[in-house]
>>> print(open('model-v7.cif').read())   # mmCIF, C-alpha atoms
data_data
loop_
_atom_site.label_atom_id
_atom_site.label_comp_id
_atom_site.auth_asym_id
_atom_site.auth_seq_id
_atom_site.Cartn_x
_atom_site.Cartn_y
_atom_site.Cartn_z
CA MET A 1 -52.15 63.69 -75.20
CA VAL A 2 -55.01 61.50 -76.37
CA PHE A 3 -54.26 58.19 -77.94
CA PRO A 4 -56.65 56.47 -80.29
CA THR A 5 -58.60 53.55 -78.99
CA ILE A 6 -57.15 50.34 -80.24
CA GLY A 7 -59.07 47.19 -79.59
CA LYS A 8 -56.12 45.03 -78.78
CA ALA A 9 -52.64 45.61 -77.53
CA VAL A 10 -50.28 46.76 -80.22
CA ASN A 11 -46.56 47.09 -80.27
CA LEU A 12 -45.65 50.56 -81.45
CA THR A 13 -41.94 50.12 -81.29
CA THR A 14 -40.16 47.00 -82.29
CA GLY A 15 -36.57 46.03 -82.43
CA PHE A 16 -34.05 44.54 -80.11
CA ALA A 17 -35.20 42.92 -76.92
CA CYS A 18 -33.76 45.65 -74.74
CA TYR A 19 -35.82 48.38 -76.43
CA PRO A 20 -38.83 49.67 -74.52
CA VAL A 21 -42.16 48.50 -75.83
CA VAL A 22 -45.21 50.72 -75.75
CA LEU A 23 -48.68 49.25 -75.46
CA VAL A 24 -51.81 51.27 -76.09
CA ARG A 25 -55.17 49.94 -75.10
CA ASN A 26 -58.39 51.81 -74.42
CA ASN A 27 -56.61 55.15 -74.56
CA HIS A 28 -54.18 54.10 -71.87
CA ILE A 29 -50.49 53.91 -72.59
CA GLU A 30 -48.11 51.55 -70.85
CA SER A 31 -44.48 50.99 -71.55
CA TYR A 32 -42.20 48.27 -70.34
CA THR A 33 -38.84 46.79 -71.05
CA PRO A 34 -38.70 43.14 -72.07
CA GLY A 35 -36.56 41.13 -69.74
CA ARG A 36 -37.92 42.98 -66.71
CA THR A 37 -41.31 41.37 -67.07
CA HIS A 38 -41.16 39.57 -63.76
CA GLY A 39 -39.92 42.71 -62.11
CA VAL A 40 -37.60 42.93 -59.18
CA PRO A 41 -37.59 40.60 -56.17
CA ILE A 42 -38.44 42.52 -53.01
CA SER A 43 -35.08 41.48 -51.54
CA GLU A 44 -33.25 43.23 -54.39
CA ARG A 45 -35.42 46.30 -54.07
CA ILE A 46 -34.76 46.55 -50.33
CA ALA A 47 -31.03 46.07 -50.94
CA ARG A 48 -31.13 48.97 -53.39
CA LEU A 49 -33.01 51.19 -50.94
CA GLN A 50 -30.60 50.29 -48.16
CA GLY A 51 -27.86 51.83 -50.28
CA ASN A 52 -29.50 55.23 -49.85
CA PRO A 53 -28.95 56.48 -46.26
CA LYS A 54 -32.21 58.45 -46.22
CA ARG A 55 -34.21 55.48 -47.45
CA ALA A 56 -32.37 53.09 -45.13
CA ALA A 57 -33.28 55.26 -42.15
CA SER A 58 -36.88 55.38 -43.32
CA LEU A 59 -37.01 51.58 -43.62
CA ALA A 60 -35.49 51.18 -40.16
CA ARG A 61 -38.18 53.45 -38.69
CA ALA A 62 -40.90 51.48 -40.47
CA ARG A 63 -39.52 48.22 -39.04
CA VAL A 64 -39.61 49.67 -35.54
CA ARG A 65 -43.26 50.63 -36.05
CA LEU A 66 -44.10 47.23 -37.49
CA GLY A 67 -42.27 45.55 -34.60
CA ALA A 68 -44.35 47.49 -32.10
CA TRP A 69 -47.52 46.32 -33.85
CA VAL A 70 -46.42 42.70 -33.95
CA ALA A 71 -45.52 42.83 -30.25
CA SER A 72 -48.91 44.29 -29.37
CA GLU A 73 -50.96 41.86 -31.44
CA PRO A 74 -52.18 39.06 -29.14
CA GLU A 75 -52.35 36.49 -31.91
CA LEU A 76 -48.76 37.20 -32.89
CA GLN A 77 -47.18 37.37 -29.46
CA ALA A 78 -46.31 33.66 -29.50
CA THR A 79 -45.19 33.24 -33.09
CA GLY A 80 -44.03 36.79 -33.69
CA GLY A 81 -42.05 37.52 -30.54
CA LEU A 82 -38.64 36.94 -32.10
CA ALA A 83 -39.58 38.85 -35.26
CA ALA A 84 -40.85 41.73 -33.11
CA MET A 85 -37.51 41.88 -31.28
CA ARG A 86 -35.67 42.10 -34.58
CA LEU A 87 -38.04 44.65 -36.07
CA LYS A 88 -37.89 46.85 -32.98
CA ALA A 89 -34.13 46.94 -33.51
CA GLY A 90 -34.84 48.22 -37.02
CA LEU A 91 -33.41 45.12 -38.67
CA SER A 92 -34.57 43.00 -41.57
CA GLN A 93 -34.03 39.25 -41.59
CA ALA A 94 -31.26 39.74 -44.15
CA GLN A 95 -29.51 42.31 -41.97
CA LEU A 96 -29.74 40.08 -38.91
CA ALA A 97 -28.42 37.21 -40.99
CA GLY A 98 -25.45 39.36 -41.94
CA ALA A 99 -24.78 40.19 -38.30
CA LEU A 100 -24.93 36.51 -37.34
CA GLY A 101 -22.96 35.25 -40.31
CA THR A 102 -25.83 33.10 -41.52
CA SER A 103 -28.48 33.19 -44.23
CA GLN A 104 -31.87 34.93 -44.34
CA PRO A 105 -33.77 31.61 -44.63
CA ASN A 106 -31.94 30.38 -41.55
CA VAL A 107 -33.00 33.49 -39.63
CA ALA A 108 -36.58 32.82 -40.76
CA ARG A 109 -36.33 29.29 -39.34
CA MET A 110 -34.76 30.54 -36.12
CA GLU A 111 -37.62 33.00 -35.65
CA LYS A 112 -40.11 30.17 -36.05
CA GLY A 113 -38.37 28.20 -33.34
CA THR A 114 -37.15 25.52 -35.73
CA GLY A 115 -33.54 26.60 -36.20
CA ASN A 116 -30.35 25.22 -34.73
CA TYR A 117 -29.25 27.28 -31.77
CA THR A 118 -25.87 27.44 -30.09
CA LEU A 119 -24.98 29.52 -27.09
CA ASP A 120 -22.64 31.63 -29.21
CA SER A 121 -25.25 32.25 -31.88
CA MET A 122 -27.86 33.16 -29.29
CA ARG A 123 -25.47 35.60 -27.62
CA ALA A 124 -24.76 37.25 -30.97
CA TRP A 125 -28.48 37.27 -31.79
CA ALA A 126 -29.42 38.88 -28.47
CA SER A 127 -26.70 41.48 -28.90
CA ALA A 128 -27.78 42.30 -32.46
CA VAL A 129 -31.40 42.92 -31.48
CA GLY A 130 -30.58 44.63 -28.19
CA VAL A 131 -32.15 42.23 -25.69
CA SER A 132 -30.71 40.10 -22.92
CA LEU A 133 -29.86 36.46 -23.50
CA THR A 134 -32.55 35.53 -21.00
CA GLU A 135 -35.19 37.47 -22.93
CA LEU A 136 -34.11 35.87 -26.17
CA ILE A 137 -34.20 32.34 -24.79
CA ALA A 138 -37.65 32.97 -23.31
CA ALA A 139 -38.89 34.11 -26.73
CA ILE A 140 -37.32 31.08 -28.43
CA GLU A 141 -39.06 28.78 -25.98
CA VAL A 142 -42.39 30.43 -26.72
CA ALA A 143 -41.77 30.10 -30.46
CA GLN A 144 -40.97 26.40 -30.05
CA VAL A 145 -44.31 25.63 -28.43
CA PRO A 146 -46.53 23.97 -31.07
CA ALA A 147 -49.47 26.13 -32.11
CA MET B 1 -37.38 34.04 -49.09
CA THR B 2 -40.65 33.54 -50.93
CA ASP B 3 -40.75 34.69 -54.55
CA LEU B 4 -42.35 38.12 -54.35
CA TYR B 5 -41.65 40.51 -57.20
CA LEU B 6 -42.59 44.09 -57.91
CA CYS B 7 -43.36 44.72 -61.54
CA PRO B 8 -41.41 47.73 -62.89
CA GLU B 9 -44.41 50.04 -62.85
CA ALA B 10 -45.30 49.17 -59.26
CA GLU B 11 -41.72 49.79 -58.24
CA ASP B 12 -41.83 53.19 -59.92
CA GLU B 13 -45.10 53.98 -58.13
CA LEU B 14 -43.61 53.01 -54.79
CA ASP B 15 -40.48 55.05 -55.47
CA ALA B 16 -42.67 58.04 -56.33
CA LEU B 17 -44.67 57.57 -53.13
CA TYR B 18 -41.48 58.11 -51.12
CA GLU B 19 -41.45 61.67 -52.42
CA THR B 20 -44.94 62.46 -51.15
CA ASP B 21 -45.58 60.05 -48.28
CA GLU B 22 -42.38 58.47 -47.07
CA GLU B 23 -43.96 56.82 -44.03
CA THR B 24 -46.51 54.97 -46.11
CA ALA B 25 -44.00 53.95 -48.75
CA SER B 26 -41.49 52.59 -46.27
CA LEU B 27 -44.16 50.75 -44.35
CA ILE B 28 -45.36 49.06 -47.53
CA ASP B 29 -41.80 48.10 -48.43
CA VAL B 30 -41.10 46.65 -45.00
CA LEU B 31 -44.39 44.79 -44.89
CA LEU B 32 -43.70 43.22 -48.30
CA GLU B 33 -40.20 42.33 -47.15
CA GLU B 34 -41.50 40.67 -44.00
CA LEU B 35 -44.22 38.78 -45.87
CA ALA B 36 -41.66 37.50 -48.36
CA GLY B 37 -39.40 36.43 -45.51
CA ASP B 38 -42.03 34.10 -44.14
CA GLN B 39 -42.33 30.98 -46.26
CA ASP B 40 -45.71 30.10 -44.83
CA MET B 41 -47.43 33.40 -44.29
CA LEU B 42 -48.03 34.41 -47.88
CA GLY B 43 -49.39 30.98 -48.65
CA ARG B 44 -51.84 31.22 -45.79
CA LEU B 45 -52.93 34.73 -46.56
CA PHE B 46 -53.34 34.66 -50.31
CA ARG B 47 -55.91 31.92 -50.69
CA PRO B 48 -58.84 32.35 -53.03
CA ASN B 49 -62.05 33.46 -51.40
CA ASN B 50 -60.44 34.19 -48.09
CA HIS B 51 -60.62 37.57 -46.47
CA PHE B 52 -58.06 38.02 -43.76
CA LEU B 53 -58.25 40.72 -41.17
CA TYR B 54 -54.82 40.79 -39.70
CA MET B 55 -55.14 43.84 -37.53
CA PRO B 56 -52.98 45.67 -37.25
CA PRO B 57 -51.28 46.14 -39.61
CA PHE B 58 -52.88 44.78 -42.73
CA GLU B 59 -55.86 43.21 -44.42
CA ILE B 60 -56.02 41.04 -47.51
CA LYS B 61 -58.97 40.18 -49.70
CA VAL B 62 -59.72 38.97 -53.19
CA PHE B 63 -60.14 41.65 -55.86
CA ALA B 64 -63.56 40.50 -56.98
CA GLU B 65 -63.77 42.53 -60.19
CA ALA B 66 -60.46 41.13 -61.38
CA ARG B 67 -61.48 37.62 -60.34
CA LYS B 68 -64.52 37.89 -62.58
CA ARG B 69 -62.07 38.30 -65.45
CA GLY B 70 -60.08 35.26 -64.38
CA LYS B 71 -57.29 37.29 -62.80
CA ASN B 72 -55.96 36.01 -59.50
CA ILE B 73 -55.43 39.37 -57.84
CA PHE B 74 -55.60 40.25 -54.17
CA ILE B 75 -55.87 43.59 -52.44
CA LEU B 76 -53.50 44.31 -49.60
CA LYS B 77 -54.64 47.11 -47.31
CA VAL B 78 -52.16 48.50 -44.84
CA ARG B 79 -52.99 50.22 -41.57
CA ASN B 80 -51.13 52.97 -39.79
CA ASP B 81 -50.13 53.20 -36.13
CA GLU B 82 -53.68 54.14 -35.15
CA GLY B 83 -55.11 51.18 -37.02
CA GLU B 84 -56.51 53.39 -39.76
CA LEU B 85 -56.32 52.21 -43.33
CA LEU B 86 -53.72 53.99 -45.40
CA ASN B 87 -54.82 55.72 -48.56
CA HIS B 88 -52.87 53.36 -50.76
CA ARG B 89 -53.69 49.82 -51.80
CA VAL B 90 -51.28 47.17 -53.02
CA LEU B 91 -52.60 44.82 -55.70
CA VAL B 92 -50.83 41.48 -55.74
CA ALA B 93 -51.18 38.70 -58.32
CA TYR B 94 -50.53 35.10 -57.39
CA HIS B 95 -49.11 32.62 -59.88
CA ALA B 96 -50.28 29.37 -58.32
CA GLN B 97 -48.30 27.02 -60.58
CA LYS B 98 -45.03 28.75 -59.79
CA ASP B 99 -45.94 29.80 -56.25
CA ARG B 100 -44.90 33.32 -57.11
CA TYR B 101 -46.34 36.69 -56.13
CA HIS B 102 -46.27 39.85 -58.23
CA VAL B 103 -47.02 43.31 -56.91
CA LEU B 104 -48.88 44.93 -59.80
CA THR B 105 -49.56 48.39 -58.45
CA VAL B 106 -49.35 50.62 -55.41
CA ALA B 107 -52.19 53.03 -55.98
CA ASN B 108 -54.46 55.44 -54.19
CA ARG B 109 -57.60 53.71 -53.00
CA GLU B 110 -59.74 56.15 -54.93
CA ILE B 111 -58.64 54.58 -58.18
CA SER B 112 -57.36 51.15 -57.20
CA TYR B 113 -60.87 49.62 -57.27
CA ASP B 114 -62.26 51.64 -60.15
CA THR B 115 -62.66 49.33 -63.14
CA SER B 116 -63.39 52.34 -65.35
CA ASP B 117 -60.08 53.94 -64.49
CA PRO B 118 -57.25 53.37 -66.98
CA LEU B 119 -55.23 51.92 -64.12
CA PHE B 120 -57.47 48.85 -64.01
CA GLU B 121 -56.70 48.06 -67.63
CA ALA B 122 -53.02 48.72 -66.95
CA VAL B 123 -53.08 46.33 -64.02
CA LEU B 124 -54.55 43.61 -66.24
CA GLN B 125 -51.78 44.23 -68.75
CA ARG B 126 -49.14 43.98 -66.06
CA TYR B 127 -50.74 40.74 -64.89
CA GLU B 128 -50.33 39.29 -68.36
CA ARG B 129 -46.76 40.51 -68.72
CA CYS B 130 -45.85 38.89 -65.42
CA GLY B 131 -46.93 35.62 -67.01
CA VAL B 132 -49.63 34.84 -64.49
CA PRO B 133 -52.28 32.63 -66.11
CA ASP B 134 -56.00 33.24 -65.99
CA TYR B 135 -57.94 31.10 -63.53
CA ARG B 136 -61.55 30.39 -64.46
#
>>> encode(input="model-v7.cif", output="structure tokens")
Amino acid sequence: MVFPTIGKAVNLTTGFACYPVVLVRNNHIESYTPGRTHGVPISERIARLQGNPKRAASLARARVRLGAWVASEPELQATGGLAAMRLKAGLSQAQLAGALGTSQPNVARMEKGTGNYTLDSMRAWASAVGVSLTELIAAIEVAQVPA
Amino acid sequence: MTDLYLCPEAEDELDALYETDEETASLIDVLLEELAGDQDMLGRLFRPNNHFLYMPPFEIKVFAEARKRGKNIFILKVRNDEGELLNHRVLVAYHAQKDRYHVLTVANREISYDTSDPLFEAVLQRYERCGVPDYR
């Protein structure tokens, strides 16, 4: 279908805010729904995908691949060691946070070496990502070294 | 978590990509998730006039043609396990005043740079709808 060229964006359907709006400009048609203009935060999108077993498995595989890259990247080995451990376990920060009973931002701080660590939390952390406590502590120590 | 949003059209594109190239789609999702989880990384990467080679797995540079029009859009290129660039590009707008990132499109590289393709005009429209101001 060919739409006429219209020099500026026009609203072809009007009405209540929840109605889709169609914009036509330079023969290209776009539609959107007011109220979704900022879109979806990536955290919400990932949460939605995690609800689909096939997608969740796909995301877990992608994290493992990303973790392998992070671990092999020399520039990231210091700062990314803890993230690589998590990714290799197929976990997101939010999932690890759930396993540790903490928040995603706290996991982000922990992975940067600036979190508060207890022996219990480190044991749970090591168990969740499938490494030994010794390996985890070594990675934390590396992360705590100033760049 | 840093404010990183996918505009509805970009989310639809990424959902559609799962049907044809699940590995690429999931890698893009995970990479966006990890970037958003790092409060500092996005800020370091998405700076005007910088071109980061973060190999592997990704590369970020300014979208020059959009910049000429005052649009603060960056191109995120993702690499596969062999370090080869994937066929899809992620265009991300940065709202500096609100420190917020908007994924505008996930598109095949053959059209993601083409300013004569209708997608380019669509991306500019999405930029406006996300409320990101022009920077001149």
>>> residues_around(input="model-v7.cif", residues="Ala99 (chain A)", least_positions_apart="3", cutoff="7 Å", atoms="all atoms listed in the file", output="list in words")
Gln95, Leu96 and Ala128 of chain A
>>> residues_around(input="model-v7.cif", residues="region 105-109 of chain B", least_positions_apart="3", cutoff="6 Å", atoms="all atoms listed in the file", output="ChimeraX atom specification")
/B:10,87-91,112
>>> resolve_selection(input="model-v7.cif", expression="the PyMOL selection byres ((chain B) within 7 of (chain A))", output="list in words")
Met1, Asp3, Leu4, Tyr5, Leu6, Cys7, Pro8, Ser26, Leu27, Val30, Glu33, Gly37, Asp38, Pro56, Pro57, Pro118, Ala122, Arg129 and Cys130 of chain B
>>> closest_residue(input="model-v7.cif", among="B:Glu84, B:Val92, B:Glu110, B:Val123", to="Asn72 (chain B)", atoms="only C-alpha atoms")
B:Val92
>>> atom_distance(input="model-v7.cif", atom1="CA of Val129 (chain A)", atom2="CA of Met85 (chain A)")
6.2 Å
>>> atom_distance(input="model-v7.cif", atom1="CA of Gln50 (chain A)", atom2="CA of Asn116 (chain A)")
28.4 Å
>>> atom_distance(input="model-v7.cif", atom1="CA of Tyr127 (chain B)", atom2="CA of Lys77 (chain B)")
19.1 Å
>>> resolve_selection(input="model-v7.cif", expression="the PyMOL selection byres ((chain B and resi 133) around 10)", output="list in words")
Gly70, Lys71, Asn72, Ala93, Tyr94, His95, Ala96, Gln97, Tyr127, Glu128, Arg129, Cys130, Gly131, Val132, Asp134, Tyr135 and Arg136 of chain B
>>> closest_residue(input="model-v7.cif", among="A:Lys54, A:Asp120, A:Gln144, A:Gly67", to="Arg86 (chain A)", atoms="all atoms listed in the file")
A:Gly67
>>> residues_around(input="model-v7.cif", residues="Ala64 (chain B)", least_positions_apart="3", cutoff="9 Å", atoms="all atoms listed in the file", output="list in words")
Lys61, Arg67, Lys68, Arg69, Ile73 and Phe74 of chain B
>>> closest_residue(input="model-v7.cif", among="A:Leu119, A:Gly80, A:Ala47, A:Ala89", to="Val142 (chain A)", atoms="only C-alpha atoms")
A:Gly80
>>> resolve_selection(input="model-v7.cif", expression="the PyMOL selection byres ((chain A and resi 138) around 12)", output="list in words")
Ala78, Gly81, Leu82, Met85, Gly113, Met122, Ala126, Val131, Ser132, Leu133, Thr134, Glu135, Leu136, Ile137, Ala139, Ile140, Glu141, Val142, Ala143, Gln144 and Val145 of chain A
>>> write_last_selection(input="model-v7.cif", atoms="C-alpha atoms", output="compact mmCIF listing (two decimals), in the frame of the given file")
# COMPACT_ATOMS: atom_id res chain seq x y z
CA ALA A 78 -46.31 33.66 -29.50
CA GLY A 81 -42.05 37.52 -30.54
CA LEU A 82 -38.64 36.94 -32.10
CA MET A 85 -37.51 41.88 -31.28
CA GLY A 113 -38.37 28.20 -33.34
CA MET A 122 -27.86 33.16 -29.29
CA ALA A 126 -29.42 38.88 -28.47
CA VAL A 131 -32.15 42.23 -25.69
CA SER A 132 -30.71 40.10 -22.92
CA LEU A 133 -29.86 36.46 -23.50
CA THR A 134 -32.55 35.53 -21.00
CA GLU A 135 -35.19 37.47 -22.93
CA LEU A 136 -34.11 35.87 -26.17
CA ILE A 137 -34.20 32.34 -24.79
CA ALA A 139 -38.89 34.11 -26.73
CA ILE A 140 -37.32 31.08 -28.43
CA GLU A 141 -39.06 28.78 -25.98
CA VAL A 142 -42.39 30.43 -26.72
CA ALA A 143 -41.77 30.10 -30.46
CA GLN A 144 -40.97 26.40 -30.05
CA VAL A 145 -44.31 25.63 -28.43
>>> closest_residue(input="model-v7.cif", among="B:Glu59, B:Ser116, B:Ala36, B:Asp29", to="Arg100 (chain B)", atoms="all atoms listed in the file")
B:Ala36
>>> axis_aligned_box(input="model-v7.cif", around="region 12-19 of chain B", padding_each_side="5 Å", output="AutoDock Vina command-line options")
--center_x -42.8 --center_y 57.3 --center_z -55.5 --size_x 14.6 --size_y 18.7 --size_z 18.8
>>> build_atoms(input="model-v7.cif", residues="region 75-103 of chain B", atoms="N, CA and C atoms", output="compact mmCIF listing (two decimals), in the coordinates of the input")
# COMPACT_ATOMS: atom_id res chain seq x y z
N ILE B 75 -56.07 42.22 -52.89
CA ILE B 75 -55.87 43.59 -52.44
C ILE B 75 -55.26 43.55 -51.04
N LEU B 76 -54.14 44.20 -50.91
CA LEU B 76 -53.50 44.31 -49.60
C LEU B 76 -53.73 45.73 -49.09
N LYS B 77 -54.39 45.81 -47.94
CA LYS B 77 -54.64 47.11 -47.31
C LYS B 77 -53.73 47.21 -46.09
N VAL B 78 -53.09 48.32 -45.95
CA VAL B 78 -52.16 48.50 -44.84
C VAL B 78 -52.73 49.54 -43.88
N ARG B 79 -52.49 49.31 -42.59
CA ARG B 79 -52.99 50.22 -41.57
C ARG B 79 -51.84 50.99 -40.94
N ASN B 80 -52.16 52.17 -40.44
CA ASN B 80 -51.13 52.97 -39.79
C ASN B 80 -51.08 52.67 -38.30
N ASP B 81 -50.31 53.45 -37.57
CA ASP B 81 -50.13 53.20 -36.13
C ASP B 81 -51.44 53.24 -35.36
N GLU B 82 -52.38 54.03 -35.85
CA GLU B 82 -53.68 54.14 -35.15
C GLU B 82 -54.67 53.09 -35.63
N GLY B 83 -54.22 52.21 -36.51
CA GLY B 83 -55.11 51.18 -37.02
C GLY B 83 -55.98 51.65 -38.16
N GLU B 84 -55.72 52.86 -38.64
CA GLU B 84 -56.51 53.39 -39.76
C GLU B 84 -55.91 52.92 -41.08
N LEU B 85 -56.80 52.64 -42.02
CA LEU B 85 -56.32 52.21 -43.33
C LEU B 85 -55.58 53.34 -44.03
N LEU B 86 -54.45 53.00 -44.61
CA LEU B 86 -53.72 53.99 -45.40
C LEU B 86 -54.46 54.26 -46.70
N ASN B 87 -54.12 55.34 -47.33
CA ASN B 87 -54.82 55.72 -48.56
C ASN B 87 -54.41 54.86 -49.76
N HIS B 88 -53.35 54.13 -49.62
CA HIS B 88 -52.87 53.36 -50.76
C HIS B 88 -53.17 51.87 -50.62
N ARG B 89 -53.43 51.25 -51.75
CA ARG B 89 -53.69 49.82 -51.80
C ARG B 89 -52.60 49.16 -52.63
N VAL B 90 -52.28 47.93 -52.27
CA VAL B 90 -51.28 47.17 -53.02
C VAL B 90 -52.01 46.00 -53.68
N LEU B 91 -51.96 45.93 -54.99
CA LEU B 91 -52.60 44.82 -55.70
C LEU B 91 -51.54 43.78 -56.02
N VAL B 92 -51.81 42.55 -55.61
CA VAL B 92 -50.83 41.48 -55.74
C VAL B 92 -51.44 40.32 -56.52
N ALA B 93 -50.73 39.87 -57.55
CA ALA B 93 -51.18 38.70 -58.32
C ALA B 93 -50.45 37.47 -57.78
N TYR B 94 -51.15 36.34 -57.83
CA TYR B 94 -50.53 35.10 -57.39
C TYR B 94 -50.51 34.10 -58.53
N HIS B 95 -49.31 33.65 -58.86
CA HIS B 95 -49.11 32.62 -59.88
C HIS B 95 -49.06 31.29 -59.14
N ALA B 96 -50.17 30.57 -59.15
CA ALA B 96 -50.28 29.37 -58.32
C ALA B 96 -49.32 28.26 -58.77
N GLN B 97 -49.16 28.11 -60.09
CA GLN B 97 -48.30 27.02 -60.58
C GLN B 97 -46.84 27.22 -60.17
N LYS B 98 -46.43 28.47 -60.13
CA LYS B 98 -45.03 28.75 -59.79
C LYS B 98 -44.86 29.25 -58.35
N ASP B 99 -45.97 29.32 -57.63
CA ASP B 99 -45.94 29.80 -56.25
C ASP B 99 -45.17 31.13 -56.17
N ARG B 100 -45.60 32.05 -57.00
CA ARG B 100 -44.90 33.32 -57.11
C ARG B 100 -45.89 34.48 -57.01
N TYR B 101 -45.47 35.53 -56.34
CA TYR B 101 -46.34 36.69 -56.13
C TYR B 101 -45.79 37.90 -56.89
N HIS B 102 -46.68 38.67 -57.47
CA HIS B 102 -46.27 39.85 -58.23
C HIS B 102 -47.06 41.06 -57.75
N VAL B 103 -46.35 42.05 -57.24
CA VAL B 103 -47.02 43.31 -56.91
C VAL B 103 -47.25 44.05 -58.22
